[in-house]
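Shown below: run-v4.csv, with CSV, C-alpha atoms and all ligand atoms.
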chain,number,residue,atom,x,y,z
A,1,MET,CA,-27.1,-16.8,-0.3
A,2,LEU,CA,-24.4,-15.0,-2.2
A,3,SER,CA,-23.6,-16.1,-5.7
A,4,PRO,CA,-19.9,-16.6,-6.6
A,5,PHE,CA,-18.0,-13.4,-7.3
A,6,LYS,CA,-17.3,-14.0,-11.0
A,7,LEU,CA,-14.5,-11.5,-11.4
A,8,GLU,CA,-12.7,-12.6,-8.2
A,9,ARG,CA,-13.0,-16.3,-9.2
A,10,TYR,CA,-11.6,-15.4,-12.7
A,11,PHE,CA,-8.6,-13.7,-11.1
A,12,ALA,CA,-8.2,-16.6,-8.6
A,13,ARG,CA,-7.8,-18.8,-11.7
A,14,TYR,CA,-5.3,-16.8,-13.6
A,15,GLU,CA,-3.7,-14.0,-11.6
A,16,PHE,CA,-0.8,-16.1,-10.4
A,17,THR,CA,-0.4,-18.3,-13.4
A,18,ALA,CA,-0.9,-16.2,-16.5
A,19,PRO,CA,2.4,-14.4,-17.3
A,20,PHE,CA,1.0,-11.2,-18.9
A,21,LEU,CA,-1.8,-9.5,-16.9
A,22,LEU,CA,-3.3,-6.9,-19.1
A,23,CYS,CA,-6.5,-6.4,-17.2
A,24,ALA,CA,-5.5,-5.8,-13.6
A,25,SER,CA,-7.1,-2.7,-12.0
A,26,ASP,CA,-4.3,-1.9,-9.6
A,27,CYS,CA,-1.4,0.4,-10.0
A,28,GLU,CA,2.1,-1.0,-9.9
A,29,ALA,CA,2.5,-2.3,-6.3
A,30,LEU,CA,5.2,-0.7,-4.2
A,31,THR,CA,7.7,-2.8,-2.3
A,32,LEU,CA,7.9,-2.4,1.5
A,33,ASP,CA,11.3,-0.7,1.0
A,34,GLU,CA,10.0,1.8,-1.5
A,35,LEU,CA,7.2,2.8,0.9
A,36,LEU,CA,9.3,3.1,4.0
A,37,ARG,CA,11.9,5.2,2.1
A,38,LEU,CA,9.2,7.9,1.8
A,39,GLU,CA,9.7,8.8,5.4
A,40,PRO,CA,13.1,9.1,7.2
A,41,ALA,CA,11.9,7.7,10.5
A,42,ALA,CA,9.6,5.0,9.1
A,43,GLU,CA,12.1,2.1,9.0
A,44,VAL,CA,13.0,2.5,12.7
A,45,ASP,CA,9.3,2.9,13.7
A,46,TRP,CA,8.4,-0.1,11.6
A,47,ARG,CA,10.8,-2.3,13.5
A,48,ALA,CA,9.6,-1.0,16.9
A,49,LEU,CA,5.9,-1.5,15.9
A,50,ARG,CA,3.9,-3.1,18.6
A,51,LEU,CA,1.9,-6.0,17.1
A,52,GLY,CA,-1.1,-5.7,19.4
A,53,TYR,CA,-4.8,-5.2,18.5
A,54,VAL,CA,-5.6,-1.7,17.1
A,55,GLU,CA,-8.7,0.4,17.7
A,56,ALA,CA,-11.7,-1.3,16.2
A,57,ALA,CA,-12.8,1.7,14.1
A,58,GLY,CA,-9.2,2.3,13.0
A,59,SER,CA,-6.6,4.3,14.9
A,60,ARG,CA,-7.5,8.0,15.3
A,61,GLY,CA,-4.5,9.2,13.4
A,62,LEU,CA,-5.3,7.1,10.4
A,63,ARG,CA,-8.9,8.1,10.5
A,64,GLU,CA,-7.8,11.8,10.5
A,65,SER,CA,-5.6,11.1,7.5
A,66,VAL,CA,-8.6,9.6,5.7
A,67,ALA,CA,-10.9,12.4,6.7
A,68,ALA,CA,-8.4,14.8,5.1
A,69,LEU,CA,-9.2,13.3,1.7
A,70,PHE,CA,-12.7,14.9,2.0
A,71,GLU,CA,-14.2,18.3,2.6
A,72,GLY,CA,-16.6,18.5,5.5
A,73,VAL,CA,-16.0,15.3,7.3
A,74,GLY,CA,-14.0,14.5,10.5
A,75,PRO,CA,-12.3,11.4,11.9
A,76,ASP,CA,-15.4,10.2,13.6
A,77,ASP,CA,-17.1,10.0,10.2
A,78,VAL,CA,-14.6,7.4,9.2
A,79,LEU,CA,-14.6,3.6,9.7
A,80,LEU,CA,-11.6,1.6,8.5
A,81,HIS,CA,-12.0,-1.8,7.1
A,82,ALA,CA,-9.9,-4.7,5.8
A,83,GLY,CA,-10.0,-3.4,2.2
A,84,SER,CA,-12.9,-1.6,0.6
A,85,SER,CA,-14.5,-4.9,-0.1
A,86,GLU,CA,-15.3,-5.3,3.5
A,87,ALA,CA,-16.7,-1.7,3.6
A,88,ILE,CA,-19.0,-2.5,0.7
A,89,TYR,CA,-20.3,-5.6,2.4
A,90,ALA,CA,-20.8,-3.8,5.8
A,91,PHE,CA,-22.6,-0.9,4.1
A,92,MET,CA,-25.0,-3.1,2.2
A,93,GLN,CA,-25.7,-5.4,5.1
A,94,SER,CA,-26.3,-2.4,7.4
A,95,ALA,CA,-28.3,-0.2,5.1
A,96,LEU,CA,-30.6,-2.6,3.2
A,97,LYS,CA,-33.4,-4.9,4.1
A,98,PRO,CA,-35.6,-7.4,2.0
A,99,GLY,CA,-37.9,-5.5,-0.4
A,100,ASP,CA,-35.8,-2.4,-0.7
A,101,HIS,CA,-35.1,-1.1,-4.1
A,102,VAL,CA,-31.5,-0.3,-5.1
A,103,ILE,CA,-30.3,1.5,-8.3
A,104,VAL,CA,-26.9,0.4,-9.4
A,105,HIS,CA,-24.5,2.0,-11.8
A,106,HIS,CA,-23.7,-0.9,-14.1
A,107,PRO,CA,-21.4,-2.7,-15.1
A,108,CYS,CA,-19.6,-2.6,-11.8
A,109,TYR,CA,-17.8,-4.5,-9.1
A,110,GLN,CA,-20.2,-7.4,-8.5
A,111,SER,CA,-20.6,-6.8,-4.8
A,112,HIS,CA,-22.4,-3.5,-5.6
A,113,TYR,CA,-25.5,-5.5,-6.5
A,114,GLU,CA,-24.9,-9.1,-5.5
A,115,ILE,CA,-25.1,-8.4,-1.8
A,116,ALA,CA,-28.3,-6.5,-2.3
A,117,LYS,CA,-29.7,-9.4,-4.3
A,118,SER,CA,-28.8,-11.8,-1.6
A,119,ILE,CA,-30.6,-9.7,1.0
A,120,GLY,CA,-33.8,-9.8,-1.2
A,121,CYS,CA,-33.7,-6.3,-2.7
A,122,GLU,CA,-35.1,-5.3,-6.0
A,123,LEU,CA,-32.5,-4.0,-8.4
A,124,THR,CA,-32.5,-1.5,-11.3
A,125,LEU,CA,-29.3,-1.4,-13.3
A,126,TRP,CA,-28.3,2.0,-14.5
A,127,GLY,CA,-26.0,1.8,-17.5
A,128,GLY,CA,-24.0,4.5,-19.3
A,129,ASP,CA,-24.3,5.2,-23.0
A,130,GLU,CA,-21.3,3.7,-24.8
A,131,ARG,CA,-21.6,6.0,-27.8
A,132,ARG,CA,-21.4,9.0,-25.5
A,133,GLY,CA,-18.3,7.8,-23.6
A,134,TRP,CA,-20.5,5.8,-21.1
A,135,GLU,CA,-22.3,9.0,-20.0
A,136,LEU,CA,-25.1,8.4,-17.5
A,137,ASP,CA,-28.6,9.7,-18.2
A,138,ILE,CA,-30.0,11.6,-15.2
A,139,GLU,CA,-33.5,11.3,-16.5
A,140,PHE,CA,-33.2,7.5,-16.2
A,141,LEU,CA,-32.3,7.9,-12.6
A,142,ARG,CA,-35.2,10.4,-11.9
A,143,GLU,CA,-37.7,7.9,-13.4
A,144,ALA,CA,-36.2,4.9,-11.6
A,145,ILE,CA,-36.8,6.2,-8.1
A,146,GLN,CA,-39.7,4.3,-6.4
A,147,THR,CA,-41.3,4.7,-3.0
A,148,ASN,CA,-39.2,1.7,-1.7
A,149,THR,CA,-35.8,3.0,-3.2
A,150,ARG,CA,-33.3,2.9,-0.5
A,151,ALA,CA,-29.9,3.5,-2.2
A,152,ILE,CA,-28.1,4.6,-5.3
A,153,MET,CA,-24.8,2.8,-5.9
A,154,LEU,CA,-22.2,4.7,-8.0
A,155,THR,CA,-18.6,4.1,-9.0
A,156,ALA,CA,-16.7,7.2,-9.7
A,157,PRO,CA,-14.2,7.2,-11.4
A,158,HIS,CA,-15.8,4.2,-13.0
A,159,ASN,CA,-14.6,0.6,-13.2
A,160,PRO,CA,-14.6,-0.9,-15.9
A,161,THR,CA,-15.1,2.0,-18.4
A,162,GLY,CA,-12.8,4.7,-17.0
A,163,TYR,CA,-15.8,7.2,-17.2
A,164,LEU,CA,-15.7,10.1,-14.9
A,165,MET,CA,-18.9,11.9,-14.4
A,166,SER,CA,-18.9,15.7,-14.3
A,167,ARG,CA,-19.3,17.7,-11.1
A,168,ALA,CA,-22.6,19.0,-12.4
A,169,LEU,CA,-24.0,15.5,-12.9
A,170,LEU,CA,-22.8,14.4,-9.5
A,171,ASP,CA,-24.6,17.4,-8.0
A,172,GLU,CA,-27.8,16.4,-9.7
A,173,ILE,CA,-27.5,12.9,-8.4
A,174,VAL,CA,-27.0,14.2,-4.9
A,175,SER,CA,-30.0,16.4,-5.2
A,176,ILE,CA,-32.2,13.4,-6.3
A,177,ALA,CA,-30.9,11.3,-3.4
A,178,ARG,CA,-31.5,14.2,-1.0
A,179,SER,CA,-35.1,14.8,-2.1
A,180,ALA,CA,-35.8,11.0,-1.9
A,181,GLU,CA,-34.0,10.8,1.5
A,182,ILE,CA,-32.1,7.8,0.4
A,183,TYR,CA,-28.5,6.6,0.7
A,184,LEU,CA,-26.0,7.7,-2.0
A,185,PHE,CA,-23.1,5.2,-2.0
A,186,CYS,CA,-20.1,5.9,-4.1
A,187,ASP,CA,-17.2,3.6,-4.7
A,188,GLU,CA,-14.3,6.0,-5.0
A,189,ILE,CA,-11.4,3.6,-5.0
A,190,PHE,CA,-10.2,5.0,-8.4
A,191,ARG,CA,-10.2,8.6,-7.2
A,192,PHE,CA,-7.0,10.6,-7.3
A,193,ILE,CA,-5.8,9.3,-10.8
A,194,GLU,CA,-7.6,11.7,-13.1
A,195,GLN,CA,-5.9,12.6,-16.4
A,196,ASP,CA,-7.1,16.2,-15.9
A,197,VAL,CA,-6.9,16.9,-12.2
A,198,THR,CA,-9.4,19.7,-12.5
A,199,GLN,CA,-12.0,17.0,-13.2
A,200,ARG,CA,-11.4,15.3,-9.8
A,201,LEU,CA,-14.7,14.9,-8.0
A,202,PRO,CA,-15.1,15.6,-4.3
A,203,GLY,CA,-15.8,12.5,-2.1
A,204,VAL,CA,-19.6,12.3,-1.8
A,205,ALA,CA,-19.5,11.9,2.0
A,206,GLY,CA,-18.9,15.6,2.3
A,207,LEU,CA,-21.8,16.5,0.0
A,208,TYR,CA,-24.8,15.0,1.7
A,209,ASP,CA,-25.7,13.6,5.1
A,210,ARG,CA,-26.7,10.2,3.8
A,211,ALA,CA,-23.9,9.8,1.4
A,212,VAL,CA,-21.3,7.1,1.9
A,213,SER,CA,-17.8,7.2,0.2
A,214,VAL,CA,-15.9,4.0,0.0
A,215,GLY,CA,-12.2,3.9,-0.8
A,216,GLY,CA,-8.9,2.3,-0.1
A,217,LEU,CA,-5.3,1.8,-0.9
A,218,SER,CA,-5.6,-1.0,-3.5
A,219,LYS,CA,-5.8,0.8,-6.8
A,220,THR,CA,-4.5,4.4,-7.1
A,221,PHE,CA,-2.1,4.1,-4.1
A,222,GLY,CA,-0.5,0.9,-5.5
A,223,LEU,CA,-0.9,-1.0,-2.2
A,224,PRO,CA,-3.4,-3.8,-2.6
A,225,GLY,CA,-1.5,-6.0,-0.2
A,226,VAL,CA,-2.0,-3.4,2.5
A,227,ARG,CA,-5.5,-4.4,3.4
A,228,VAL,CA,-6.9,-1.1,4.4
A,229,GLY,CA,-10.1,0.4,3.1
A,230,TRP,CA,-12.6,2.9,4.5
A,231,ALA,CA,-16.2,3.9,4.6
A,232,VAL,CA,-16.9,7.6,5.2
A,233,THR,CA,-20.2,9.1,6.1
A,234,ARG,CA,-21.8,11.8,8.3
A,235,ASP,CA,-24.6,9.3,9.0
A,236,ARG,CA,-23.5,8.2,12.5
A,237,GLU,CA,-26.3,5.8,12.9
A,238,LEU,CA,-25.3,3.9,9.8
A,239,LEU,CA,-21.6,4.0,10.8
A,240,ALA,CA,-22.5,2.5,14.2
A,241,LYS,CA,-24.4,-0.4,12.6
A,242,MET,CA,-21.4,-1.0,10.3
A,243,MET,CA,-19.2,-1.0,13.3
A,244,ARG,CA,-21.3,-3.6,15.0
A,245,LEU,CA,-21.1,-5.8,11.9
A,246,LYS,CA,-17.3,-5.3,11.7
A,247,ASP,CA,-17.0,-6.9,15.1
A,248,TYR,CA,-18.1,-10.1,13.4
A,249,LEU,CA,-15.8,-9.6,10.3
A,250,SER,CA,-12.2,-8.5,10.6
A,251,LEU,CA,-12.8,-6.9,14.1
A,252,CYS,CA,-9.9,-4.5,13.5
A,253,ASN,CA,-7.2,-4.0,10.9
A,254,GLY,CA,-3.7,-5.5,11.2
A,255,ALA,CA,-1.3,-3.3,13.1
A,256,THR,CA,1.2,-3.7,10.3
A,257,ASP,CA,-1.4,-2.7,7.7
A,258,GLU,CA,-2.4,0.4,9.7
A,259,PHE,CA,1.2,1.5,10.0
A,260,LEU,CA,1.9,1.2,6.3
A,261,ALA,CA,-1.4,2.9,5.5
A,262,GLY,CA,-0.4,5.8,7.6
A,263,VAL,CA,2.9,6.2,5.7
A,264,ALA,CA,1.0,6.0,2.4
A,265,LEU,CA,-1.6,8.6,3.3
A,266,ARG,CA,1.0,11.0,4.5
A,267,HIS,CA,2.7,10.6,1.2
A,268,ARG,CA,-0.3,10.3,-1.1
A,269,THR,CA,0.7,13.1,-3.4
A,270,GLU,CA,4.0,11.4,-4.2
A,271,LEU,CA,2.3,8.0,-4.7
A,272,HIS,CA,-0.4,9.4,-7.0
A,273,ARG,CA,2.2,11.3,-9.0
A,274,ARG,CA,4.3,8.1,-9.4
A,275,ASN,CA,1.3,6.1,-10.5
A,276,LEU,CA,-0.1,8.7,-12.9
A,277,GLU,CA,3.3,8.9,-14.6
A,278,ILE,CA,3.1,5.2,-15.3
A,279,ILE,CA,-0.4,5.5,-16.5
A,280,VAL,CA,0.2,8.4,-18.9
A,281,GLU,CA,3.1,6.5,-20.5
A,282,ASN,CA,1.1,3.3,-20.8
A,283,LEU,CA,-1.9,5.1,-22.3
A,284,ARG,CA,0.2,6.4,-25.1
A,285,LEU,CA,1.0,2.9,-26.0
A,286,VAL,CA,-2.5,1.7,-25.5
A,287,ASP,CA,-3.9,4.4,-27.8
A,288,ALA,CA,-1.4,3.6,-30.5
A,289,PHE,CA,-2.2,-0.1,-30.2
A,290,PHE,CA,-5.9,0.4,-30.6
A,291,GLU,CA,-5.4,2.9,-33.4
A,292,ARG,CA,-3.5,0.2,-35.3
A,293,ARG,CA,-6.2,-2.4,-34.5
A,294,ALA,CA,-9.3,-0.2,-35.2
A,295,ASP,CA,-10.5,-2.9,-37.6
A,296,ILE,CA,-11.3,-5.3,-34.7
A,297,PHE,CA,-11.4,-3.2,-31.5
A,298,ALA,CA,-13.3,0.0,-30.6
A,299,TRP,CA,-11.4,1.9,-27.8
A,300,ARG,CA,-12.3,5.0,-25.9
A,301,ARG,CA,-9.5,6.6,-23.8
A,302,PRO,CA,-10.7,6.6,-20.2
A,303,GLN,CA,-10.8,9.9,-18.3
A,304,ALA,CA,-9.6,8.5,-15.0
A,305,GLY,CA,-8.5,5.4,-13.1
A,306,THR,CA,-6.6,2.4,-14.4
A,307,VAL,CA,-9.0,0.5,-16.6
A,308,GLY,CA,-11.0,0.8,-19.8
A,309,LEU,CA,-13.6,-1.2,-21.6
A,310,VAL,CA,-12.9,-2.3,-25.2
A,311,ARG,CA,-15.5,-3.4,-27.7
A,312,TYR,CA,-14.5,-6.4,-29.8
A,313,LEU,CA,-15.9,-5.9,-33.3
A,314,ALA,CA,-15.6,-9.5,-34.5
A,315,PRO,CA,-18.6,-11.8,-34.4
A,316,GLU,CA,-16.9,-14.1,-31.9
A,317,GLY,CA,-17.8,-13.3,-28.3
A,318,THR,CA,-15.1,-12.0,-25.9
A,319,ALA,CA,-15.4,-15.0,-23.5
A,320,ALA,CA,-14.1,-17.2,-26.4
A,321,PHE,CA,-11.6,-14.6,-27.6
A,322,CYS,CA,-10.1,-13.9,-24.2
A,323,ASP,CA,-9.9,-17.7,-23.4
A,324,ARG,CA,-8.0,-18.2,-26.7
A,325,VAL,CA,-5.7,-15.3,-26.0
A,326,VAL,CA,-4.7,-16.4,-22.5
A,327,ARG,CA,-4.3,-20.1,-23.5
A,328,THR,CA,-2.2,-19.2,-26.6
A,329,CYS,CA,0.0,-16.3,-25.6
A,330,GLY,CA,-0.5,-15.9,-21.8
A,331,VAL,CA,-2.1,-12.5,-22.0
A,332,LEU,CA,-4.9,-12.1,-19.6
A,333,LEU,CA,-7.9,-9.9,-20.6
A,334,LEU,CA,-11.1,-9.7,-18.7
A,335,PRO,CA,-14.2,-10.7,-20.7
A,336,SER,CA,-17.3,-8.7,-20.0
A,337,ALA,CA,-19.2,-11.9,-19.1
A,338,GLU,CA,-17.2,-11.9,-15.8
A,339,LEU,CA,-18.8,-8.5,-15.2
A,340,GLU,CA,-22.3,-9.8,-16.2
A,341,PHE,CA,-22.2,-7.4,-19.1
A,342,GLY,CA,-22.8,-9.3,-22.3
A,343,ASP,CA,-20.1,-10.9,-24.5
A,344,SER,CA,-18.9,-8.0,-26.7
A,345,HIS,CA,-16.4,-6.2,-24.5
A,346,PHE,CA,-13.3,-6.9,-22.5
A,347,ARG,CA,-11.5,-4.8,-19.8
A,348,ILE,CA,-7.9,-3.8,-20.0
A,349,GLY,CA,-5.8,-2.3,-17.2
A,350,PHE,CA,-2.9,0.0,-17.7
A,351,GLY,CA,-1.6,0.8,-14.2
A,352,ARG,CA,1.4,-1.6,-14.2
A,353,ARG,CA,4.9,-1.2,-15.4
A,354,ASP,CA,4.9,-4.4,-17.5
A,355,LEU,CA,2.1,-3.1,-19.8
A,356,PRO,CA,4.5,-2.6,-22.8
A,357,ILE,CA,5.5,-6.3,-22.8
A,358,CYS,CA,1.9,-7.5,-22.3
A,359,LEU,CA,0.8,-5.3,-25.2
A,360,SER,CA,3.6,-6.5,-27.5
A,361,GLN,CA,2.7,-10.1,-26.7
A,362,LEU,CA,-0.9,-9.4,-27.7
A,363,ASP,CA,0.3,-7.6,-30.8
A,364,LEU,CA,2.5,-10.7,-31.8
A,365,TYR,CA,-0.5,-13.0,-31.2
A,366,LEU,CA,-2.8,-10.8,-33.3
A,367,ASP,CA,-0.2,-10.7,-36.1
A,368,GLY,CA,-0.4,-14.5,-36.1
A,369,ARG,CA,3.3,-14.6,-35.3
A,370,GLU,CA,3.0,-16.3,-31.9
A,401,LIG,C1,-14.6,-0.9,-7.9
A,401,LIG,C2,-13.9,-1.7,-6.9
A,401,LIG,N1,-14.3,-1.6,-5.6
A,401,LIG,C3,-13.7,-2.3,-4.6
A,401,LIG,C4,-12.7,-3.2,-4.9
A,401,LIG,C5,-12.1,-4.0,-3.8
A,401,LIG,O1,-10.8,-3.6,-3.5
A,401,LIG,P1,-10.1,-3.8,-2.1
A,401,LIG,O2,-10.9,-4.7,-1.2
A,401,LIG,O3,-8.8,-4.3,-2.4
A,401,LIG,O4,-10.0,-2.4,-1.5
A,401,LIG,C6,-12.3,-3.4,-6.2
A,401,LIG,C7,-11.3,-4.4,-6.6
A,401,LIG,O5,-11.0,-4.8,-7.7
A,401,LIG,C8,-12.9,-2.6,-7.3
A,401,LIG,O6,-12.6,-2.7,-8.5

What's the structure tokens form of this structure?
Amino acid sequence: MLSPFKLERYFARYEFTAPFLLCASDCEALTLDELLRLEPAAEVDWRALRLGYVEAAGSRGLRESVAALFEGVGPDDVLLHAGSSEAIYAFMQSALKPGDHVIVHHPCYQSHYEIAKSIGCELTLWGGDERRGWELDIEFLREAIQTNTRAIMLTAPHNPTGYLMSRALLDEIVSIARSAEIYLFCDEIFRFIEQDVTQRLPGVAGLYDRAVSVGGLSKTFGLPGVRVGWAVTRDRELLAKMMRLKDYLSLCNGATDEFLAGVALRHRTELHRRNLEIIVENLRLVDAFFERRADIFAWRRPQAGTVGLVRYLAPEGTAAFCDRVVRTCGVLLLPSAELEFGDSHFRIGFGRRDLPICLSQLDLYLDGRE
């Protein structure tokens, strides 16, 4: 039995009612018009689109575009899903059985461990060291491996901290997974928005035969309403199992979603540039805000992605603090309890264009002027 997805229930409660969302993890969503304008023929093709079923695994052209995001994989190593959420679910249900042990980079998107828990797996949570910028300790991983360990679950770039592991650390993790012959899963939905592009990691699917990369359009592409995500792995047996499961889930993507995903992937450089520009500008304001508020908040500038985790230094927990903030001034923060990570932190998101107004509302509130 799956427990409620706390973060998703929290957003269900506030996302369409709170006026100032300061914790969303997506980049500013594009309009249909903005997306179609990226390609001269797209508007005509859009109108002529045939609204039939599409290939169950995802159309070949789209799978080729996804494979091009990786080194060393081809279109047959790609399985498209209705968002990366479905890919996470299909991976865990296909790869794990009761009694398996799973090591999970934590805190994280709840499905990374909740689905394993519902299957009857044993979990080890692998947390980063906050004082060292949420750095992961490789020795912890080495010691955590057991004879029944079946998978390591990573998020890189990381949600909620914005931590981006080094290539050297990723290589060490790959080598541990390879020698234990276990799955290495990496949620790469925040890939492509790195503050320093030289720190961009390769997708894990190209690094090891039993590695699985999951990604999609929701965050760094600015297209969460286009429900297209993917799982990429050279493990064809695993992919076939996931395909059999997908027949009972979304079956295939929507033809409209696949069309729009094709445009987005062909123009990913422009989309990522647009979104990075918004983020760089927003982070300047966020840094200045937290510098002014260093008496109550501890902030570390993230290395990548759209979110960061803030420590609240007051004795009051963040569940109570965030509740008071949203009820009084309408600014939504994400308390760490919703991530099952204590009560001392909250997540902020800085990918949207309305961040300046959200931040100034919070400023006014903290000044007691609201
Ligand atoms: C780390 C992570 N993975 C996956 C998802 C699911 O995204 P989607 O199903 O929209 O692709 C989210 C959404 O917040 C996320 O934060």

Item to complete: Go through A:Arg13, A:Lys6, A:Lys97, A:His272 and flag the residue nearest ligand LIG 401 (chain A), using only C-alpha atoms and all ligand atoms for the distances.
Response: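 Of A:Arg13, A:Lys6, A:Lys97, A:His272, the one nearest ligand LIG 401 (chain A), counting only C-alpha atoms and all ligand atoms, is A:Lys6.
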
Discussion item. Considering all atoms listed in the file, can you say which of A:Ile173, A:Leu271, A:Leu136, A:Val325 comes closest to Phe192 in chain A?
Written reply: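 Closest candidate: A:Leu271.
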
Item to complete: Collect all residues with atoms no farther than 9 Å from ligand LIG 401 (chain A), counting only C-alpha atoms and all ligand atoms, and output them as a PyMOL selection string.
Response: chain A and resi 7-8+24-26+81-88+108-112+155-160+187-190+214-219+223-230

Worksheet item: Do you know which residues are at most 9 Å from Ile182 in chain A counting all atoms listed in the file, after dropping those on the same chain fewer than 6 positions away, and could you put them as a list in words?
Response: Thr149, Arg150, Ala151, Ile152, Ile176, Arg210 and Ala211 of chain A

Worksheet entry | For Arg273 in chain A: contacts at 10 Å, only C-alpha atoms, fewer than 4 positions along chain excluded, given as a PyMOL selection string | chain A and resi 192-193+220-221+268-269+277-279

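What separates CA of Ala18 in chain A from CA of Cys329 in chain A is a distance of 9.1 Å.
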
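Distances here use only C-alpha atoms; by that measure, the residue among A:Pro202, A:Gly99, A:Gly368, A:Pro356 closest to Ala288 in chain A is A:Pro356.
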
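Here CA of Gln361 in chain A stands at a distance of 25.9 Å from CA of Gly342 in chain A.
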
Item to complete: Would you mind listing what lies within 12 Å of His101 in chain A as a list of chain:residue names, with all atoms listed in the file counted and same-chain residues fewer than 3 positions away left out?
Response: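 The residues satisfying every condition are A:Ala95, A:Leu96, A:Lys97, A:Pro98, A:Val104, A:Tyr113, A:Ala116, A:Lys117, A:Ile119, A:Gly120, A:Cys121, A:Glu122, A:Leu123, A:Thr124, A:Leu125, A:Ala144, A:Ile145, A:Gln146, A:Thr147, A:Asn148, A:Thr149, A:Arg150, A:Ala151, A:Ile152, A:Met153, A:Ile182, A:Tyr183.
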
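Counting from CA of Ser94 in chain A, the distance to CA of Glu237 in chain A is 9.9 Å.
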
Worksheet entry | Counting only C-alpha atoms, the option among A:Arg142, A:His105, A:Arg327, A:Arg9 closest to Trp126 in chain A | A:His105

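Shortest atom-to-atom contact with Tyr10 in chain A among A:Val54, A:Val212, A:Val286, A:Leu333: A:Leu333, counting only C-alpha atoms.
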
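If all atoms listed in the file are the atoms counted, then among A:Thr256, A:Leu265, A:Gly305, A:Cys358 the closest residue to Val331 in chain A is A:Cys358.
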
Worksheet item: Near Leu245 in chain A, counting all atoms listed in the file, which residues have an atom at most 10 Å away, once you skip same-chain residues fewer than 5 positions from it, shown as a list in words?
Response: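 The residues satisfying every condition are Tyr89, Ala90, Phe91, Gln93, Ser94, Leu239, Ala240, Ser250 and Leu251 of chain A.
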
Worksheet item: What's the 12 Å shell around Gly58 in chain A, counting only C-alpha atoms, without same-chain residues fewer than 3 positions away, as a ChimeraX atom specification?
Response: /A:53-55,61-66,75-82,228-231,243,246,250-255,257-259,261-262
